[in-house]
Protein chains: 2
Amino acid sequence: MSSPHSAADFASLRARYRNRYENELFEKVIPFWERHAPDSAHGGHFNNLDRDGAVYDTTKHMWMQGRLVWMFSKLYRAVEARPSWLAIARNGMDFLRKHAARPDGRVYFSTTADGRPAYLQRKIFTECFYLMALAEYARAAEEPELLREAYEGLGRMWEWAWDWTKVGRPAYEGQAPSQALAVPMLLLNLIEEVAGEDFGTYRAEADDCIRRTALHVHADTRCVYEAVAPDGSRLEGPEGRLLTPGHAIEAGWFLQHWAQRLEHADAQRQALDMVRWSFEKGWDQKCEGLFYFVDAEGYAPVPLEWSMKLWWPHCEALYAHLLDYFLTGDAADLAAFESVHRYAFTRFSDPEYGEWFGYLDRQGVVTHRFKGGPYKGCFHVPRALWLCLRLLDEKPAWLA
Amino acid sequence: MSSPHSAADFASLRARYRNRYENELFEKVIPFWERHAPDSAHGGHFNNLDRDGAVYDTTKHMWMQGRLVWMFSKLYRAVEARPSWLAIARNGMDFLRKHAARPDGRVYFSTTADGRPAYLQRKIFTECFYLMALAEYARAAEEPELLREAYEGLGRMWEWAWDWTKVGRPAYEGQAPSQALAVPMLLLNLIEEVAGEDFGTYRAEADDCIRRTALHVHADTRCVYEAVAPDGSRLEGPEGRLLTPGHAIEAGWFLQHWAQRLEHADAQRQALDMVRWSFEKGWDQKCEGLFYFVDAEGYAPVPLEWSMKLWWPHCEALYAHLLDYFLTGDAADLAAFESVHRYAFTRFSDPEYGEWFGYLDRQGVVTHRFKGGPYKGCFHVPRALWLCLRLLDEKPAWLA
């Protein structure tokens, strides 16, 4: 890697961005959720919030419930021990435990406002976000029993992650065996979150996730494929050509965190490649912004929304490029961060009501006015702002 | 209803459109599938075809296989008994029966090129398209045994249609009981297709579907809701506000066919309302074209692709408005037909390679260059062109 930035570079960067991120996070984003999410009637939090915060659907989506609990617990521990933040986290945690988490470890994807189960996914993601929430909340609230539960849940997740027939997803003879980047990357983040400073305990599992993540990264084409065969070789057809730049960029910083902690030089290099190559493939040269999906060989990606610009890839890119700039001092990483910053703060940020819009068309025009939905909650925006702020304020000790 | 058009109106309409539709159907659309769909190695047809017809994914999607078989069988019976058309239908039928249709009546959603099962939906649609294909092919090929199978399958469908737990879809306590317009409308069309001239045999079933379709049509708001409670009352939240104009317009002509045959005046009126109201709610006043989804109360519809312009609602609207104009002579129905015609032939039709593009953004720019995909095959375009041509050439006997 090239040399890190100078102290003068850092001071200039800090002067340009620090206050903007702090203001966006604590004046625009967090207050939106504090004000509009809590359900005073049934407990828990609403996540389907219109532009101004009005509830347009009382269904509660548990990805969002878990992520909000994680975020407020994190802020309580990492930023300031405000009792109101812990109370918001507790309100979500109580709802999750009372209504969504089942004795068999499965967690409902959605419930009614009063907690009756409405849907269960044949995937492991709701469970992952529940465990992230559980661990972070346990530490914030100082409830070691809950942390023990999170550790137990993580063990179970390990069994489920590589064989989704265990969570009810059937397998068919004609399905090519494949592995989704989503799984090892999310587990890397989950282990980091559940284990905390105790990450050495999970060294073998982390190494396995690092190995599995690497299977998706192909230097010959400079692509991070969303799905590959179990041995890392390319899959045929559109599935094998699909790139999800936002995912790959997020996976890049998840991996970089581990690579830094473990002082794993190959993984550090690979994490950097993942972010840079995915920005290269995913950035729309014509209209700016990151595409949601890209076909590696230039075909039209099959998902209808492929050319839309979603908030979360931009959030992930903000932190990933800023982190890389801290690590490398390379002007290209800074330039990528600044492109994403300009796009995101111009297009997604809503000066009037707070939080960010989630969905733009290719041209950058808002297509969905709501701030929260089944897949958008109190997570990517505040997490990215907080992570960037943390870098701008004080590099974590484990960063070089 | 107002008076039908005059003979002079009809002659003028015919002069303007007949040859254009014939040319599009038989020179641009059908040859595309004849040339590019057949799989000479494994039998059956490819449906994932790029703009120029190249196969970009060898997965075979059985909705598309069934619909192509239906279309070529229909052309063979209704237009011209070309042996090549029957051979194409037989090629698809053989593949379906050999690889996709299971002894229990379920039909795989997708298979590999050589017919190994890849996915089974927890829905009844693949089975419906299989039965449509089976009945039409049986008549074309004069194979009464296959027609008997289609009748048997229709009986089974009746049991499955109103309770999807029978096809593996779990029910949860917090799910509001709801009925999707997709089901009664598709069954109306399926009975018409399977029963053919023998429609009287299914009078009770058709009446039940007409009754169930009517539950979605709300005169107070001039809306056709995609999902309603079993008693027809509105559901809460985005699900209850969702309009799918293309579906409602298609359901309108399915219903109109039955209403004409049964000389059912209320259903005739309702079918007309469904088409007119859905055009009214669905037409994009700013950019033209029919939205994919609309929220009845002006919220942002949750599906990411809501504002896109898809080929099939426009195909359905072409025939539905033209049919209504034949029935009413009303200038508004003709104007709606002509708006859709201009939009569709300008934006979707591809003079270079044939078939139509499937997906445009809100502004009408092509977002996906392929002509065939998992949900786009040899169906909506040729069916609509053929149905319009049939009206322009000779009104079916059962039309007033």
# chains A, B, ... in the order shown; residues from 1 in each chain; ligands from 1
$ residues_around --residues "stretch 296-306 of chain B" --least-positions-apart "2" --cutoff "8 Å" --atoms "only C-alpha atoms" --output "PyMOL selection string"
(chain A and resi 304-305+359+367-370+373) or (chain B and resi 223+238+241-243+291-294+308)
$ calpha_fit_and_write --fixed "chain A" --moving "chain B" --output "compact mmCIF listing (two decimals) with C-alpha atoms, in the first residue's frame"
# COMPACT_ATOMS: atom_id res chain seq x y z
CA MET B 1 -0.08 0.05 -0.18
CA SER B 2 1.03 3.64 -0.65
CA SER B 3 1.79 5.89 2.31
CA PRO B 4 -0.98 7.14 4.52
CA HIS B 5 -2.02 10.75 4.35
CA SER B 6 -0.09 13.45 6.18
CA ALA B 7 -1.30 15.22 9.29
CA ALA B 8 -2.06 18.28 7.15
CA ASP B 9 -4.20 16.20 4.76
CA PHE B 10 -6.08 14.83 7.71
CA ALA B 11 -6.69 18.27 9.22
CA SER B 12 -8.00 19.56 5.93
CA LEU B 13 -10.30 16.55 5.47
CA ARG B 14 -11.58 16.91 9.01
CA ALA B 15 -12.27 20.61 8.47
CA ARG B 16 -14.26 19.88 5.34
CA TYR B 17 -16.41 17.02 6.56
CA ARG B 18 -16.49 16.49 10.31
CA ASN B 19 -19.17 18.98 11.27
CA ARG B 20 -21.30 18.14 8.28
CA TYR B 21 -21.39 14.48 9.29
CA GLU B 22 -22.01 15.24 12.92
CA ASN B 23 -24.83 17.62 12.06
CA GLU B 24 -26.43 15.21 9.59
CA LEU B 25 -26.29 12.33 12.06
CA PHE B 26 -27.41 14.05 15.24
CA GLU B 27 -29.65 16.80 13.90
CA LYS B 28 -31.22 15.22 10.81
CA VAL B 29 -31.16 11.46 11.01
CA ILE B 30 -31.31 10.21 14.59
CA PRO B 31 -34.05 12.69 15.65
CA PHE B 32 -36.24 11.43 12.78
CA TRP B 33 -36.27 7.94 14.26
CA GLU B 34 -36.47 9.12 17.87
CA ARG B 35 -39.55 11.13 17.02
CA HIS B 36 -41.41 8.87 14.63
CA ALA B 37 -40.45 5.23 15.20
CA PRO B 38 -41.68 4.40 18.74
CA ASP B 39 -45.11 2.76 18.92
CA SER B 40 -46.55 3.99 22.20
CA ALA B 41 -49.56 1.67 21.95
CA HIS B 42 -47.94 -1.74 21.46
CA GLY B 43 -44.26 -1.12 22.09
CA GLY B 44 -41.57 -1.69 19.51
CA HIS B 45 -40.93 0.64 16.60
CA PHE B 46 -42.63 1.42 13.34
CA ASN B 47 -40.37 1.31 10.31
CA ASN B 48 -42.73 2.24 7.47
CA LEU B 49 -42.51 6.00 7.72
CA ASP B 50 -43.45 8.52 5.09
CA ARG B 51 -41.27 11.47 4.11
CA ASP B 52 -42.38 13.46 7.14
CA GLY B 53 -42.34 10.48 9.51
CA ALA B 54 -46.05 9.60 9.35
CA VAL B 55 -46.72 5.87 9.63
CA TYR B 56 -48.07 4.65 6.28
CA ASP B 57 -48.06 0.97 7.24
CA THR B 58 -48.19 -0.40 10.78
CA THR B 59 -46.56 -3.71 9.80
CA LYS B 60 -43.30 -4.09 11.74
CA HIS B 61 -40.38 -5.53 9.79
CA MET B 62 -37.89 -7.28 12.04
CA TRP B 63 -34.76 -6.59 9.97
CA MET B 64 -35.53 -2.97 10.75
CA GLN B 65 -36.43 -3.57 14.40
CA GLY B 66 -33.14 -5.37 15.01
CA ARG B 67 -31.09 -2.80 13.13
CA LEU B 68 -32.62 0.12 15.02
CA VAL B 69 -31.94 -1.58 18.35
CA TRP B 70 -28.34 -2.19 17.27
CA MET B 71 -27.90 1.43 16.17
CA PHE B 72 -29.23 3.04 19.35
CA SER B 73 -27.32 0.59 21.54
CA LYS B 74 -24.16 1.42 19.58
CA LEU B 75 -24.68 5.16 19.94
CA TYR B 76 -25.27 4.70 23.66
CA ARG B 77 -22.01 2.81 24.05
CA ALA B 78 -19.82 4.58 21.52
CA VAL B 79 -21.04 8.17 21.52
CA GLU B 80 -22.87 9.07 24.71
CA ALA B 81 -24.72 7.14 27.41
CA ARG B 82 -28.01 8.96 26.93
CA PRO B 83 -30.74 7.15 28.84
CA SER B 84 -33.26 7.99 26.08
CA TRP B 85 -31.16 6.10 23.54
CA LEU B 86 -31.01 3.05 25.74
CA ALA B 87 -34.75 3.27 26.31
CA ILE B 88 -35.38 3.30 22.57
CA ALA B 89 -33.15 0.27 22.16
CA ARG B 90 -34.89 -1.53 25.02
CA ASN B 91 -38.30 -0.80 23.53
CA GLY B 92 -37.28 -2.53 20.29
CA MET B 93 -35.49 -5.38 22.05
CA ASP B 94 -38.49 -6.13 24.23
CA PHE B 95 -40.75 -6.28 21.17
CA LEU B 96 -38.34 -8.56 19.31
CA ARG B 97 -38.01 -10.96 22.24
CA LYS B 98 -41.69 -10.97 23.06
CA HIS B 99 -43.10 -11.29 19.54
CA ALA B 100 -40.54 -12.15 16.88
CA ALA B 101 -37.84 -14.46 18.28
CA ARG B 102 -39.02 -18.06 18.42
CA PRO B 103 -37.74 -20.77 20.78
CA ASP B 104 -36.15 -22.60 17.84
CA GLY B 105 -33.97 -19.60 17.05
CA ARG B 106 -35.91 -18.50 13.99
CA VAL B 107 -37.08 -14.87 13.97
CA TYR B 108 -40.17 -13.69 12.09
CA PHE B 109 -39.54 -11.33 9.19
CA SER B 110 -42.60 -9.24 9.97
CA THR B 111 -45.39 -8.91 12.50
CA THR B 112 -48.52 -6.85 12.92
CA ALA B 113 -48.31 -3.71 15.06
CA ASP B 114 -49.37 -5.74 18.10
CA GLY B 115 -46.88 -8.49 17.38
CA ARG B 116 -48.74 -11.29 15.62
CA PRO B 117 -46.41 -13.05 13.15
CA ALA B 118 -47.02 -12.12 9.52
CA TYR B 119 -44.13 -13.68 7.61
CA LEU B 120 -41.06 -15.85 8.03
CA GLN B 121 -38.31 -15.75 5.39
CA ARG B 122 -36.54 -18.87 4.17
CA LYS B 123 -33.29 -16.98 4.73
CA ILE B 124 -31.07 -16.26 7.73
CA PHE B 125 -30.94 -12.48 7.64
CA THR B 126 -33.63 -11.61 10.18
CA GLU B 127 -31.84 -13.90 12.64
CA CYS B 128 -28.50 -12.18 11.93
CA PHE B 129 -29.89 -8.71 12.58
CA TYR B 130 -31.60 -9.96 15.72
CA LEU B 131 -28.32 -11.35 17.07
CA MET B 132 -26.44 -8.12 16.24
CA ALA B 133 -29.09 -6.22 18.16
CA LEU B 134 -29.04 -8.68 21.05
CA ALA B 135 -25.26 -8.50 21.51
CA GLU B 136 -24.98 -4.73 21.28
CA TYR B 137 -27.99 -4.18 23.50
CA ALA B 138 -26.68 -6.69 26.06
CA ARG B 139 -23.46 -4.71 26.34
CA ALA B 140 -25.24 -1.36 26.48
CA ALA B 141 -27.75 -2.52 29.09
CA GLU B 142 -25.14 -4.62 30.89
CA GLU B 143 -27.19 -7.78 30.69
CA PRO B 144 -24.68 -10.65 30.40
CA GLU B 145 -27.44 -13.22 30.09
CA LEU B 146 -28.52 -11.68 26.78
CA LEU B 147 -24.93 -11.66 25.55
CA ARG B 148 -24.75 -15.37 26.29
CA GLU B 149 -27.88 -15.86 24.19
CA ALA B 150 -26.28 -13.94 21.33
CA TYR B 151 -23.22 -16.22 21.48
CA GLU B 152 -25.47 -19.28 21.41
CA GLY B 153 -27.41 -17.87 18.49
CA LEU B 154 -24.19 -17.25 16.59
CA GLY B 155 -23.28 -20.94 16.96
CA ARG B 156 -26.64 -21.91 15.49
CA MET B 157 -26.24 -19.44 12.63
CA TRP B 158 -23.02 -21.16 11.72
CA GLU B 159 -24.90 -24.41 11.10
CA TRP B 160 -27.63 -22.72 9.07
CA ALA B 161 -25.53 -20.36 6.98
CA TRP B 162 -24.18 -22.79 4.39
CA ASP B 163 -27.30 -24.89 3.97
CA TRP B 164 -30.56 -23.00 3.71
CA THR B 165 -32.61 -26.17 3.51
CA LYS B 166 -32.24 -25.94 7.32
CA VAL B 167 -34.34 -22.77 7.27
CA GLY B 168 -36.91 -24.28 4.90
CA ARG B 169 -35.48 -23.41 1.50
CA PRO B 170 -35.88 -26.42 -0.79
CA ALA B 171 -33.05 -27.57 -3.03
CA TYR B 172 -33.70 -28.84 -6.56
CA GLU B 173 -31.60 -31.08 -8.72
CA GLY B 174 -31.29 -28.48 -11.48
CA GLN B 175 -30.12 -25.68 -9.20
CA ALA B 176 -26.41 -25.09 -9.69
CA PRO B 177 -24.74 -25.20 -6.24
CA SER B 178 -23.86 -21.62 -5.48
CA GLN B 179 -22.72 -19.39 -2.68
CA ALA B 180 -23.97 -15.84 -2.16
CA LEU B 181 -21.53 -13.13 -1.11
CA ALA B 182 -24.24 -11.93 1.27
CA VAL B 183 -23.62 -14.84 3.63
CA PRO B 184 -19.90 -14.78 4.47
CA MET B 185 -19.86 -10.98 4.46
CA LEU B 186 -22.76 -10.73 6.86
CA LEU B 187 -21.25 -13.36 9.13
CA LEU B 188 -17.95 -11.45 9.19
CA ASN B 189 -19.84 -8.41 10.41
CA LEU B 190 -21.95 -10.47 12.80
CA ILE B 191 -18.93 -12.08 14.44
CA GLU B 192 -17.33 -8.66 14.78
CA GLU B 193 -20.49 -7.34 16.41
CA VAL B 194 -21.25 -10.28 18.68
CA ALA B 195 -17.67 -11.00 19.71
CA GLY B 196 -16.59 -7.38 20.12
CA GLU B 197 -13.09 -7.17 21.59
CA ASP B 198 -13.21 -10.92 22.13
CA PHE B 199 -12.73 -11.50 18.39
CA GLY B 200 -9.84 -13.89 18.88
CA THR B 201 -12.29 -16.53 20.14
CA TYR B 202 -13.79 -16.66 16.64
CA ARG B 203 -10.54 -16.71 14.73
CA ALA B 204 -11.31 -19.97 12.93
CA GLU B 205 -14.80 -18.86 11.92
CA ALA B 206 -13.52 -15.47 10.77
CA ASP B 207 -10.77 -17.14 8.74
CA ASP B 208 -13.38 -19.35 7.09
CA CYS B 209 -15.50 -16.31 6.19
CA ILE B 210 -12.43 -14.50 4.85
CA ARG B 211 -11.67 -17.54 2.71
CA ARG B 212 -15.26 -17.76 1.48
CA THR B 213 -15.42 -14.03 0.72
CA ALA B 214 -12.24 -14.31 -1.33
CA LEU B 215 -13.94 -16.86 -3.61
CA HIS B 216 -16.10 -14.03 -4.98
CA VAL B 217 -13.17 -11.75 -5.84
CA HIS B 218 -11.78 -12.44 -9.31
CA ALA B 219 -8.63 -10.54 -10.20
CA ASP B 220 -8.71 -11.56 -13.88
CA THR B 221 -11.90 -9.58 -14.51
CA ARG B 222 -11.59 -7.16 -11.55
CA CYS B 223 -15.07 -8.28 -10.51
CA VAL B 224 -16.64 -9.24 -7.21
CA TYR B 225 -19.35 -11.70 -8.24
CA GLU B 226 -22.44 -11.88 -6.05
CA ALA B 227 -22.81 -15.63 -6.61
CA VAL B 228 -20.12 -18.21 -7.37
CA ALA B 229 -19.81 -22.00 -7.28
CA PRO B 230 -18.71 -23.42 -3.91
CA ASP B 231 -15.13 -23.66 -5.22
CA GLY B 232 -15.19 -20.02 -6.36
CA SER B 233 -15.52 -20.72 -10.06
CA ARG B 234 -17.92 -18.71 -12.19
CA LEU B 235 -21.57 -19.73 -12.53
CA GLU B 236 -23.23 -19.73 -15.93
CA GLY B 237 -25.90 -17.28 -16.99
CA PRO B 238 -27.09 -14.00 -15.50
CA GLU B 239 -26.67 -15.22 -11.92
CA GLY B 240 -22.99 -15.80 -12.55
CA ARG B 241 -22.54 -12.38 -14.16
CA LEU B 242 -24.39 -10.37 -11.54
CA LEU B 243 -22.47 -7.70 -9.64
CA THR B 244 -24.02 -5.86 -6.68
CA PRO B 245 -21.57 -3.01 -6.20
CA GLY B 246 -23.08 -1.88 -2.91
CA HIS B 247 -22.78 -5.33 -1.42
CA ALA B 248 -19.24 -5.80 -2.61
CA ILE B 249 -18.22 -2.40 -1.23
CA GLU B 250 -19.86 -3.16 2.12
CA ALA B 251 -18.17 -6.58 2.16
CA GLY B 252 -14.92 -4.74 1.45
CA TRP B 253 -15.03 -2.75 4.65
CA PHE B 254 -16.31 -5.69 6.71
CA LEU B 255 -13.28 -7.61 5.47
CA GLN B 256 -10.95 -4.67 6.00
CA HIS B 257 -11.91 -4.45 9.67
CA TRP B 258 -10.92 -8.08 10.19
CA ALA B 259 -7.84 -7.78 8.01
CA GLN B 260 -6.62 -4.84 10.11
CA ARG B 261 -7.31 -6.52 13.41
CA LEU B 262 -5.68 -9.77 12.33
CA GLU B 263 -2.85 -7.91 10.53
CA HIS B 264 -3.64 -10.07 7.53
CA ALA B 265 -1.85 -8.38 4.61
CA ASP B 266 -3.46 -10.42 1.80
CA ALA B 267 -6.93 -9.75 3.13
CA GLN B 268 -6.11 -6.05 3.50
CA ARG B 269 -5.14 -5.91 -0.15
CA GLN B 270 -8.18 -7.88 -1.21
CA ALA B 271 -10.56 -5.71 0.80
CA LEU B 272 -9.11 -2.67 -0.92
CA ASP B 273 -9.50 -4.28 -4.35
CA MET B 274 -13.12 -5.17 -3.62
CA VAL B 275 -14.02 -1.57 -2.87
CA ARG B 276 -12.05 -0.03 -5.73
CA TRP B 277 -13.12 -2.51 -8.41
CA SER B 278 -16.77 -2.32 -7.36
CA PHE B 279 -16.73 1.45 -7.49
CA GLU B 280 -15.12 1.22 -10.93
CA LYS B 281 -17.79 -1.19 -12.22
CA GLY B 282 -20.72 0.30 -10.35
CA TRP B 283 -20.38 4.05 -10.83
CA ASP B 284 -22.68 5.38 -13.54
CA GLN B 285 -20.39 7.41 -15.80
CA LYS B 286 -23.34 9.05 -17.49
CA CYS B 287 -25.63 10.04 -14.63
CA GLU B 288 -23.41 9.55 -11.55
CA GLY B 289 -24.37 7.41 -8.57
CA LEU B 290 -23.88 3.70 -8.02
CA PHE B 291 -26.05 1.25 -9.92
CA TYR B 292 -27.91 -1.29 -7.81
CA PHE B 293 -26.94 -4.18 -10.09
CA VAL B 294 -24.52 -4.53 -12.99
CA ASP B 295 -24.01 -7.39 -15.45
CA ALA B 296 -20.30 -8.11 -15.63
CA GLU B 297 -20.45 -8.70 -19.37
CA GLY B 298 -22.67 -5.81 -20.33
CA TYR B 299 -25.98 -7.62 -20.73
CA ALA B 300 -29.08 -6.02 -19.22
CA PRO B 301 -29.27 -7.23 -15.62
CA VAL B 302 -32.55 -9.09 -15.13
CA PRO B 303 -33.79 -7.31 -11.95
CA LEU B 304 -36.13 -4.49 -12.99
CA GLU B 305 -34.53 -2.01 -10.57
CA TRP B 306 -30.94 -2.55 -11.69
CA SER B 307 -30.28 1.01 -12.83
CA MET B 308 -31.86 2.69 -9.83
CA LYS B 309 -29.71 4.51 -7.28
CA LEU B 310 -30.37 3.26 -3.75
CA TRP B 311 -29.30 4.98 -0.58
CA TRP B 312 -27.49 2.08 1.02
CA PRO B 313 -24.75 1.39 -1.55
CA HIS B 314 -23.89 5.07 -1.27
CA CYS B 315 -23.79 4.88 2.54
CA GLU B 316 -21.49 1.88 2.39
CA ALA B 317 -19.32 3.56 -0.22
CA LEU B 318 -18.90 6.70 1.92
CA TYR B 319 -17.35 4.75 4.75
CA ALA B 320 -15.46 2.21 2.64
CA HIS B 321 -13.67 4.85 0.54
CA LEU B 322 -12.95 7.07 3.54
CA LEU B 323 -11.55 4.10 5.44
CA ASP B 324 -9.39 3.17 2.46
CA TYR B 325 -8.10 6.71 2.21
CA PHE B 326 -7.12 6.56 5.87
CA LEU B 327 -5.26 3.34 5.19
CA THR B 328 -3.60 4.24 1.90
CA GLY B 329 -3.45 8.01 1.58
CA ASP B 330 -4.23 7.41 -2.07
CA ALA B 331 -5.86 10.34 -3.87
CA ALA B 332 -8.08 7.93 -5.86
CA ASP B 333 -9.75 6.69 -2.67
CA LEU B 334 -10.33 10.27 -1.53
CA ALA B 335 -11.74 11.21 -4.94
CA ALA B 336 -14.15 8.26 -4.83
CA PHE B 337 -15.27 9.27 -1.33
CA GLU B 338 -15.83 12.83 -2.46
CA SER B 339 -17.82 11.79 -5.54
CA VAL B 340 -20.10 9.64 -3.43
CA HIS B 341 -20.36 12.34 -0.75
CA ARG B 342 -21.45 14.97 -3.27
CA TYR B 343 -23.98 12.66 -4.87
CA ALA B 344 -25.42 11.39 -1.58
CA PHE B 345 -25.71 14.72 0.21
CA THR B 346 -27.24 16.35 -2.89
CA ARG B 347 -29.66 13.60 -3.84
CA PHE B 348 -30.56 11.49 -0.80
CA SER B 349 -30.36 13.94 2.11
CA ASP B 350 -33.65 15.70 2.91
CA PRO B 351 -33.07 19.09 4.54
CA GLU B 352 -36.75 19.47 5.27
CA TYR B 353 -37.75 16.37 7.24
CA GLY B 354 -34.51 14.57 8.01
CA GLU B 355 -33.38 11.00 7.21
CA TRP B 356 -32.52 10.23 3.61
CA PHE B 357 -34.63 9.31 0.66
CA GLY B 358 -34.01 5.71 -0.29
CA TYR B 359 -34.75 5.34 -3.96
CA LEU B 360 -33.85 7.39 -7.02
CA ASP B 361 -34.18 6.58 -10.68
CA ARG B 362 -31.09 6.36 -12.85
CA GLN B 363 -31.22 10.13 -13.46
CA GLY B 364 -31.17 10.78 -9.72
CA VAL B 365 -34.81 11.80 -9.30
CA VAL B 366 -36.55 10.59 -6.11
CA THR B 367 -39.01 7.81 -7.02
CA HIS B 368 -40.25 6.88 -3.52
CA ARG B 369 -40.97 9.63 -1.06
CA PHE B 370 -40.94 7.47 2.08
CA LYS B 371 -38.01 7.39 4.51
CA GLY B 372 -38.63 3.97 5.96
CA GLY B 373 -39.93 0.78 4.36
CA PRO B 374 -39.67 -2.98 4.66
CA TYR B 375 -35.95 -2.78 3.80
CA LYS B 376 -35.06 0.77 4.83
CA GLY B 377 -34.85 1.70 8.46
CA CYS B 378 -32.59 3.27 11.04
CA PHE B 379 -29.39 1.63 9.88
CA HIS B 380 -27.30 2.35 6.78
CA VAL B 381 -27.48 6.14 6.98
CA PRO B 382 -26.70 6.55 10.70
CA ARG B 383 -24.17 3.70 10.69
CA ALA B 384 -22.21 5.21 7.78
CA LEU B 385 -22.35 8.73 9.23
CA TRP B 386 -21.20 7.46 12.61
CA LEU B 387 -18.40 5.33 11.16
CA CYS B 388 -17.15 8.25 9.06
CA LEU B 389 -17.34 10.56 12.05
CA ARG B 390 -15.39 8.05 14.12
CA LEU B 391 -12.63 8.05 11.53
CA LEU B 392 -12.61 11.84 11.32
CA ASP B 393 -12.50 12.18 15.10
CA GLU B 394 -10.14 9.45 16.13
CA LYS B 395 -8.97 6.48 14.19
CA PRO B 396 -9.83 3.22 15.98
CA ALA B 397 -6.79 1.74 17.72
CA TRP B 398 -6.64 -1.26 15.41
CA LEU B 399 -6.27 0.91 12.32
CA ALA B 400 -2.64 1.11 11.21
$ decode --residues "stretch 90-140 of chain A" --atoms "C-alpha atoms" --output "mmCIF file, in the first residue's frame"
data_model
loop_
_atom_site.group_PDB
_atom_site.id
_atom_site.type_symbol
_atom_site.label_atom_id
_atom_site.label_comp_id
_atom_site.auth_asym_id
_atom_site.auth_seq_id
_atom_site.Cartn_x
_atom_site.Cartn_y
_atom_site.Cartn_z
ATOM 1 C CA ARG A 90 -34.910 -1.524 25.018
ATOM 2 C CA ASN A 91 -38.315 -0.798 23.534
ATOM 3 C CA GLY A 92 -37.301 -2.540 20.302
ATOM 4 C CA MET A 93 -35.500 -5.381 22.048
ATOM 5 C CA ASP A 94 -38.505 -6.149 24.229
ATOM 6 C CA PHE A 95 -40.744 -6.283 21.182
ATOM 7 C CA LEU A 96 -38.352 -8.555 19.310
ATOM 8 C CA ARG A 97 -38.033 -10.959 22.225
ATOM 9 C CA LYS A 98 -41.704 -10.989 23.053
ATOM 10 C CA HIS A 99 -43.109 -11.290 19.545
ATOM 11 C CA ALA A 100 -40.539 -12.150 16.881
ATOM 12 C CA ALA A 101 -37.853 -14.459 18.282
ATOM 13 C CA ARG A 102 -39.020 -18.076 18.417
ATOM 14 C CA PRO A 103 -37.746 -20.765 20.789
ATOM 15 C CA ASP A 104 -36.168 -22.602 17.827
ATOM 16 C CA GLY A 105 -33.976 -19.604 17.056
ATOM 17 C CA ARG A 106 -35.918 -18.512 13.991
ATOM 18 C CA VAL A 107 -37.094 -14.879 13.960
ATOM 19 C CA TYR A 108 -40.186 -13.703 12.093
ATOM 20 C CA PHE A 109 -39.557 -11.337 9.200
ATOM 21 C CA SER A 110 -42.613 -9.241 9.988
ATOM 22 C CA THR A 111 -45.396 -8.913 12.511
ATOM 23 C CA THR A 112 -48.523 -6.850 12.931
ATOM 24 C CA ALA A 113 -48.314 -3.707 15.062
ATOM 25 C CA ASP A 114 -49.385 -5.741 18.099
ATOM 26 C CA GLY A 115 -46.899 -8.503 17.395
ATOM 27 C CA ARG A 116 -48.759 -11.295 15.626
ATOM 28 C CA PRO A 117 -46.418 -13.048 13.147
ATOM 29 C CA ALA A 118 -47.046 -12.134 9.530
ATOM 30 C CA TYR A 119 -44.146 -13.692 7.615
ATOM 31 C CA LEU A 120 -41.068 -15.872 8.035
ATOM 32 C CA GLN A 121 -38.321 -15.764 5.392
ATOM 33 C CA ARG A 122 -36.557 -18.889 4.185
ATOM 34 C CA LYS A 123 -33.302 -17.001 4.721
ATOM 35 C CA ILE A 124 -31.072 -16.275 7.721
ATOM 36 C CA PHE A 125 -30.955 -12.492 7.633
ATOM 37 C CA THR A 126 -33.630 -11.620 10.186
ATOM 38 C CA GLU A 127 -31.844 -13.903 12.635
ATOM 39 C CA CYS A 128 -28.505 -12.180 11.933
ATOM 40 C CA PHE A 129 -29.898 -8.714 12.578
ATOM 41 C CA TYR A 130 -31.612 -9.977 15.720
ATOM 42 C CA LEU A 131 -28.324 -11.344 17.064
ATOM 43 C CA MET A 132 -26.454 -8.131 16.231
ATOM 44 C CA ALA A 133 -29.100 -6.223 18.159
ATOM 45 C CA LEU A 134 -29.042 -8.671 21.047
ATOM 46 C CA ALA A 135 -25.270 -8.491 21.500
ATOM 47 C CA GLU A 136 -24.988 -4.731 21.269
ATOM 48 C CA TYR A 137 -28.002 -4.177 23.493
ATOM 49 C CA ALA A 138 -26.693 -6.695 26.048
ATOM 50 C CA ARG A 139 -23.472 -4.699 26.337
ATOM 51 C CA ALA A 140 -25.253 -1.345 26.463
#
